[in-house]
Amino acid sequence: MTDTARSAGAAEPIPFMQRILDNPFILLFLGVSIPAVLYLMWGVMEVASIPVAQ
Amino acid sequence: MAVTPPTNRVWWNEPVEKMELVWVVIAFLWGLVMFATMIVWHIVGQQNLSTETYRIKPEAYVAKVEAMAEKFKVREEGSTGIPVVKPSAGSDVYLLGRLWDWWPILELEKGQSYRLHLSSADWQHGFSLQPVNLNIQVHPGYDHIITLTPTETGAFGIVCNEFCGIGHHQMTGKIYVVERR
Amino acid sequence: MSASANAEFRTCPETGLKVHLPAEKLIKVNAVTAVIFLAVGGLFGLLVALTRWPAVHLLPADLFYLALTAHGANVLLFWIIFFEMAVLYFASALLLNSRLATPAWGWVGYWLMLVGAVLANIAVLQGDSTVMFTSYVPMKAAPHFYLGLIVFAVGALIGVFVFFATLVVAKDENTYEGSVPLVTFGAITAAVIAVFTIVSGAIILIPTFLWSIGLIGYIDPLVYKVVWWGMGHSSQQINVSAHVAVWYAIAALVLGAKPLSEKVSRVAFLFYILFLQLASAHHLLAEPGMSEGWKVFNTSYAMYLAVLGSMIHGLTVPGSIEAAQREKGYTHGAFEWLRKAPWGNPAFAGMFLSLVMFGFLGGISGVVMGTEQLNLLMHNTLYVPGHFHGTVVAGTTLAFMAVTYLLVPLIFRRGLVLNKMAQWQPYLFAIGVTGISLFMMGAGTLGVARRHWDMTFSDAVVSVSYPAGAFLMMGLNGVFAVLATLGGIFYIVVVVASILYGPKLGDKAAPKPAPAAAPRPAAIASYGSAGTLKLPGTAILVTVFFVAFVLYYYVNWKYLAALWPMR
């Protein structure tokens with residue numbers, strides 16, 4: 001809201017991707033959750049699924 | 001400038017210079033090529049690290065190593081008292097990393113495949129076969145099995161390349177590779 | 001409220017920025033502390049290199065391993081993270097014309113970091129925590145070693161949150177128009193990765209601490225390694241993001257360079273945020289039990305998208321410099337812009353050397369070593385430190401040194417002294433680091449183990465020998481480490497002398513050519529567009545880089561194919 005209100009002449013809406021890049025907290029969420037799932041959780045599951053020797 | 005906010009409020013819609021676009025595309029494609037290279041090597045390449053691994057108590061692993069050493073011992077290495085062990089081709093070969101040596105010394109035949117087991121009795125170690133320069137991490141509690149085929153004869157040194165305390169630099173071992181009989 | 005708040009600001013005579021004095025003080029303190037840890041850690045590094053120089057072999061084994069542990073912790077963690085705190089506060093409060101959200105918490109974070117760093121150093125110097133930077137279990141350090149690292153990480157996390165809070169304050173108080181500057185965006189990238197880094201560190205170091213005091217019986221070595229590298233590798237990705245931001249900042253402040261395209265540069269940083277941290281898997285490629293799928297996906301940063309990010313910066317940073325120089329009239333041939341760049345300005349020289357060396361030394365070797373199968377040739381050999389001295393020392397440390405030459409006048413309000421020394425410093429340091437990096441990689445290619453006191457194996461029962469070339473490499477490594485140390489000493493002498501005895505600038509601008517703050521009329525109006533922008537020099541540079549990259553990559557596959565078959 002404030003973004004569009006600030007520059008009166010610019011009625012052009014802010015594109016979706018720019019909104020994402022302008023929001024540090026979305027970036028924080030993505031930047032923590034993606035490696036947490038793909039690297040950490042997947043990695044620990046790999047170790048957990050190693051079978052016990054006969 | 002990079003230290004001031006973008007001049008245009010909606011910078012996302014600015015056109016991108018052609019040279020930048022070309023570079024982005026080249027770099028992206030190169031990434032795909034490198035990604036595909038790893039996958040292709042799994043299919044056609046001869047050097048892929050096995051993932052076959054089992055959990056094992058270090059004591060149990062040590063027992064397996066000792067049993068093999070007793071069964072296949074052919075001689076001792078000089079005056080060191082370290083057994084030289086020659087397991088039959090295609091069989092399971094156990095190598096133990098411990099503070100501070102690789103035990104026992106192995107004798108393998110060129111061109112034969114062996115199921116080489118790697119594990120540690122205590123801390124982490126680094127199996128580093130020289131001068132072949134093959135390097136694999138060794139963990140206590142995990143039995144890692146690699147099917148290895150020596151392609152040259154000679155005496156090959158094993159170095160420890162994971163820091164394992166004050167005797168780390170004394171931790172060595174050996175693999176002899178002899179002609180097939 | 002607002003009146004008392006205004007009293008806490010001064011206006012920078014060079015940039016016109018409002019400078020929040022409490023933020024400025026935190027920047028100063030963090031930067032100075034960082035330099036102290038650089039000096040300590042650098043000294044340990046020299047001792048390490050002199051011991052690995054076969055003809056010198058300075059330290060006995062126990063002290064060598066102790067010095068190596070201290071070297072890693074002090075330069076890889078403490079120097080860099082303290083300096084990054086300064087960068088974060090600079091990129092938030094100062095560049096956004098804002099007040100720092102909460103200086104009090106900034107100080108809490110600082111003191112925790114300092115206490116933690118000192119505690120960990122005490123543990124190492126006492127001699128019972130010689131476990132290397134990585135402290136792989138089941139090797140055990142003294143409890144206060146882990147505690148020191150945990151306290152340090154908590155302090156750093158607080159600093160990162162002060163940074164995020166400052167972004168909120170600046171937006172709420174409308175201290176800037178539109179989007180944040182690109183440099184601030186790079187700092188956001190670093191801060192996001194820092195949060196993941198510190199969370200990973202907490203997940204693994206807290207149980208390890210409890211294990212060290214006997215409250216937990218067992219830590220799985222493989223799980224430890226997976227999670228620890230979520231911290232250990234990602235912390236180096238903070239550096240990459242921060243030093244790329246610093247490159248853009250120096251190009252802007254020294255030459256008035258504009259990003260070629262805000263969109264492309266920011267998307268490159270977005271690739272870092274999303275994918276860079278996956279490369280923690282680089283450290284687990286030679287491990288038992290990890291599946292090919294996990295390794296291939298993670299080690300390639302999800303199909304090399306973070307490498308794409310770096311390659312983009314590798315074009316846009318020199319490209320923006322070329323554009324700025326051409327605009328000034330250096331249009332002759334492909335490289336007049338580069339020949340006539342301010343090579344006598346240590347900020348620019350350090351920045352450009354950092355850019356080139358990070359790409360050619362650290363970048364290419366990192367991708368090669370991080371290729372799943374190729375890693376078998378290099379895992380835990382000296383190739384590894386060879387690579388990361390190309391990233392963290394040639395890339396990050398040199399970039400941070402370079403930006404210090406701007407911070408001294410801008411933040412400390414002192415002119416530089418010992419100008420000749422300052423001019424030579426980046427070159428001396430860069431030559432030293434290039435040698436360190438190349439010769440360690442060379443020795444690693446010949447199989448020499450890292451973290452190893454005796455490459456002659458004179459005390460080993462079973463003898464092993466490395467080729468003679470490896471000994472030559474390690475001797476040369478020692479020689480270049482001495483050069484790099486000299487470069488480091490030059491840096492510290494210049495910075496300390498300038499802060500203490502440099503001419504006070506007061507509210508005047510520095511005598512250096514002032515950065516162009518006002519937009520020039522002939523600026524590339526809507527940058528990156530309209531086809532007005534021809535950057536042949538940069539095109540040649542990136543082509544050379546690309547060819548070197550591809551060739552070196554496949555040369556290593558050729559080496560791998562000669563290895564004993566294994567499956």
# chains A, B, ... in the order shown; residues from 1 in each chain; ligands from 1
$ interface_residues --of "chain B" --to "chain A" --cutoff "7 Å" --atoms "only C-alpha atoms" --output "PDB file with C-alpha atoms, in the first residue's frame"
ATOM      1  CA  VAL B  10       9.644  -0.584 -10.787  1.00  0.00           C
ATOM      2  CA  TRP B  12      11.828  -5.429 -12.328  1.00  0.00           C
ATOM      3  CA  THR B  53      27.069 -49.012   4.179  1.00  0.00           C
ATOM      4  CA  TYR B  54      26.016 -50.789   7.368  1.00  0.00           C
ATOM      5  CA  ARG B  55      25.960 -49.718  10.967  1.00  0.00           C
ATOM      6  CA  ILE B  56      28.288 -51.811  13.036  1.00  0.00           C
TER       7      ILE B  56
END
$ interface_residues --of "chain C" --to "chain A" --cutoff "6 Å" --atoms "only C-alpha atoms" --output "VMD selection string"
chain C and resid 192 196 273 to 274 278 290
$ write_last_selection --atoms "N, CA and C atoms" --output "mmCIF file, in the first residue's frame"
data_model
loop_
_atom_site.group_PDB
_atom_site.id
_atom_site.type_symbol
_atom_site.label_atom_id
_atom_site.label_comp_id
_atom_site.auth_asym_id
_atom_site.auth_seq_id
_atom_site.Cartn_x
_atom_site.Cartn_y
_atom_site.Cartn_z
ATOM 1 N N VAL C 192 20.527 -13.667 5.744
ATOM 2 C CA VAL C 192 19.651 -14.850 5.658
ATOM 3 C C VAL C 192 20.493 -16.120 5.809
ATOM 4 N N PHE C 196 20.570 -19.358 8.824
ATOM 5 C CA PHE C 196 20.635 -20.814 8.624
ATOM 6 C C PHE C 196 21.919 -21.384 9.237
ATOM 7 N N ILE C 273 20.509 -17.068 -1.949
ATOM 8 C CA ILE C 273 19.622 -17.289 -0.802
ATOM 9 C C ILE C 273 18.995 -18.677 -0.879
ATOM 10 N N LEU C 274 18.554 -19.053 -2.075
ATOM 11 C CA LEU C 274 17.814 -20.299 -2.211
ATOM 12 C C LEU C 274 18.721 -21.525 -2.221
ATOM 13 N N LEU C 278 23.102 -25.355 0.078
ATOM 14 C CA LEU C 278 23.053 -26.796 -0.195
ATOM 15 C C LEU C 278 24.459 -27.365 -0.372
ATOM 16 N N MET C 290 25.780 -41.892 2.215
ATOM 17 C CA MET C 290 24.926 -40.850 1.635
ATOM 18 C C MET C 290 24.608 -41.262 0.188
#
$ atom_distance --atom1 "CA of Leu32 in chain B" --atom2 "CA of Ala306 in chain C"
12.2 Å
$ select_by_dssp --residues "range 18-146 of chain B" --states "helix (DSSP H, G or I)" --output "PyMOL selection string"
chain B and resi 18-44+58-72
$ write_last_selection --atoms "N, CA and C atoms" --output "compact mmCIF listing (two decimals), in the first residue's frame"
# COMPACT_ATOMS: atom_id res chain seq x y z
N LYS B 18 21.36 -7.27 -23.74
CA LYS B 18 21.48 -8.55 -24.42
C LYS B 18 22.71 -9.35 -23.96
N MET B 19 23.81 -8.63 -23.76
CA MET B 19 25.04 -9.31 -23.36
C MET B 19 24.84 -10.05 -22.03
N GLU B 20 24.12 -9.41 -21.10
CA GLU B 20 23.85 -10.07 -19.82
C GLU B 20 23.01 -11.31 -20.03
N LEU B 21 21.99 -11.17 -20.87
CA LEU B 21 21.10 -12.31 -21.12
C LEU B 21 21.88 -13.49 -21.70
N VAL B 22 22.73 -13.18 -22.68
CA VAL B 22 23.52 -14.26 -23.31
C VAL B 22 24.36 -14.98 -22.26
N TRP B 23 25.00 -14.20 -21.41
CA TRP B 23 25.86 -14.79 -20.38
C TRP B 23 25.06 -15.64 -19.40
N VAL B 24 23.89 -15.14 -19.02
CA VAL B 24 23.05 -15.91 -18.09
C VAL B 24 22.67 -17.25 -18.72
N VAL B 25 22.32 -17.22 -20.00
CA VAL B 25 21.92 -18.45 -20.67
C VAL B 25 23.10 -19.41 -20.76
N ILE B 26 24.27 -18.88 -21.15
CA ILE B 26 25.46 -19.74 -21.25
C ILE B 26 25.77 -20.37 -19.88
N ALA B 27 25.77 -19.54 -18.85
CA ALA B 27 26.12 -20.04 -17.52
C ALA B 27 25.10 -21.07 -17.05
N PHE B 28 23.83 -20.84 -17.35
CA PHE B 28 22.79 -21.78 -16.95
C PHE B 28 22.97 -23.13 -17.66
N LEU B 29 23.23 -23.05 -18.97
CA LEU B 29 23.41 -24.29 -19.74
C LEU B 29 24.66 -25.04 -19.26
N TRP B 30 25.70 -24.31 -18.97
CA TRP B 30 26.92 -24.94 -18.47
C TRP B 30 26.64 -25.68 -17.15
N GLY B 31 25.83 -25.07 -16.31
CA GLY B 31 25.42 -25.73 -15.07
C GLY B 31 24.70 -27.04 -15.36
N LEU B 32 23.81 -27.02 -16.34
CA LEU B 32 23.10 -28.25 -16.69
C LEU B 32 24.06 -29.31 -17.21
N VAL B 33 25.05 -28.88 -18.01
CA VAL B 33 26.02 -29.82 -18.53
C VAL B 33 26.80 -30.47 -17.38
N MET B 34 27.24 -29.66 -16.43
CA MET B 34 28.01 -30.22 -15.31
C MET B 34 27.13 -31.15 -14.47
N PHE B 35 25.87 -30.78 -14.32
CA PHE B 35 24.95 -31.61 -13.56
C PHE B 35 24.77 -32.96 -14.26
N ALA B 36 24.58 -32.90 -15.58
CA ALA B 36 24.38 -34.13 -16.35
C ALA B 36 25.64 -34.98 -16.34
N THR B 37 26.82 -34.33 -16.33
CA THR B 37 28.07 -35.09 -16.37
C THR B 37 28.15 -36.05 -15.18
N MET B 38 27.77 -35.56 -13.99
CA MET B 38 27.82 -36.43 -12.80
C MET B 38 26.90 -37.63 -12.98
N ILE B 39 25.70 -37.37 -13.52
CA ILE B 39 24.73 -38.46 -13.67
C ILE B 39 25.21 -39.45 -14.72
N VAL B 40 25.70 -38.92 -15.83
CA VAL B 40 26.19 -39.80 -16.90
C VAL B 40 27.33 -40.67 -16.38
N TRP B 41 28.20 -40.10 -15.55
CA TRP B 41 29.33 -40.88 -15.04
C TRP B 41 28.86 -42.05 -14.17
N HIS B 42 27.71 -41.87 -13.53
CA HIS B 42 27.17 -43.00 -12.76
C HIS B 42 26.81 -44.17 -13.68
N ILE B 43 26.49 -43.85 -14.93
CA ILE B 43 26.07 -44.90 -15.87
C ILE B 43 27.28 -45.46 -16.61
N VAL B 44 28.13 -44.58 -17.15
CA VAL B 44 29.22 -45.07 -17.99
C VAL B 44 30.58 -45.07 -17.28
N PRO B 58 32.00 -50.79 16.65
CA PRO B 58 33.43 -50.86 16.36
C PRO B 58 34.06 -52.17 16.80
N GLU B 59 33.64 -52.70 17.96
CA GLU B 59 34.22 -53.97 18.44
C GLU B 59 33.92 -55.09 17.47
N ALA B 60 32.69 -55.11 16.96
CA ALA B 60 32.29 -56.17 16.03
C ALA B 60 33.11 -56.08 14.75
N TYR B 61 33.36 -54.84 14.32
CA TYR B 61 34.16 -54.67 13.10
C TYR B 61 35.59 -55.15 13.33
N VAL B 62 36.16 -54.78 14.47
CA VAL B 62 37.53 -55.20 14.79
C VAL B 62 37.61 -56.73 14.78
N ALA B 63 36.60 -57.38 15.31
CA ALA B 63 36.58 -58.85 15.34
C ALA B 63 36.61 -59.41 13.92
N LYS B 64 35.85 -58.79 13.01
CA LYS B 64 35.84 -59.27 11.62
C LYS B 64 37.22 -59.11 10.98
N VAL B 65 37.85 -57.97 11.24
CA VAL B 65 39.17 -57.73 10.67
C VAL B 65 40.16 -58.79 11.18
N GLU B 66 40.10 -59.05 12.48
CA GLU B 66 41.05 -60.00 13.06
C GLU B 66 40.82 -61.40 12.52
N ALA B 67 39.56 -61.77 12.35
CA ALA B 67 39.25 -63.10 11.81
C ALA B 67 39.82 -63.25 10.41
N MET B 68 39.63 -62.20 9.58
CA MET B 68 40.15 -62.27 8.22
C MET B 68 41.68 -62.35 8.23
N ALA B 69 42.29 -61.55 9.10
CA ALA B 69 43.76 -61.50 9.14
C ALA B 69 44.32 -62.86 9.52
N GLU B 70 43.66 -63.50 10.45
CA GLU B 70 44.13 -64.81 10.89
C GLU B 70 44.01 -65.84 9.76
N LYS B 71 42.90 -65.77 9.06
CA LYS B 71 42.62 -66.75 8.02
C LYS B 71 43.54 -66.61 6.81
N PHE B 72 43.83 -65.39 6.43
CA PHE B 72 44.53 -65.18 5.15
C PHE B 72 45.95 -64.66 5.30
$ interface_residues --of "chain B" --to "chain C" --cutoff "7 Å" --atoms "only C-alpha atoms" --output "ChimeraX atom specification"
/B:1-6,9,11-12,15-17,24,27-28,31-32,35,38,46-53,123,130-137,139,144,146-151,157,161-163,166,169-173
$ atom_distance --atom1 "CA of Pro346 in chain C" --atom2 "CA of Asn74 in chain C"
24.6 Å
$ closest_residue --among "C:Trp229, C:Tyr224, C:Phe161, C:Phe37" --to "Val118 in chain C" --atoms "only C-alpha atoms"
C:Phe37
$ residues_around --residues "Ala347 in chain C" --least-positions-apart "4" --cutoff "12 Å" --atoms "only C-alpha atoms" --output "PyMOL selection string"
chain C and resi 246-255+341-343+351-354+398-409+416+419+422-427+491+512
$ closest_residue --among "C:Thr166, C:Gln236, C:Thr189, C:Thr33" --to "Val115 in chain C" --atoms "only C-alpha atoms"
C:Thr33
$ residues_around --residues "Ser280 in chain C" --least-positions-apart "4" --cutoff "7 Å" --atoms "only C-alpha atoms" --output "ChimeraX atom specification"
/C:229-230,233-234
$ closest_residue --among "B:Gly45, B:Pro140, B:Gly165, B:Gly154" --to "Lys57 in chain B" --atoms "only C-alpha atoms"
B:Pro140
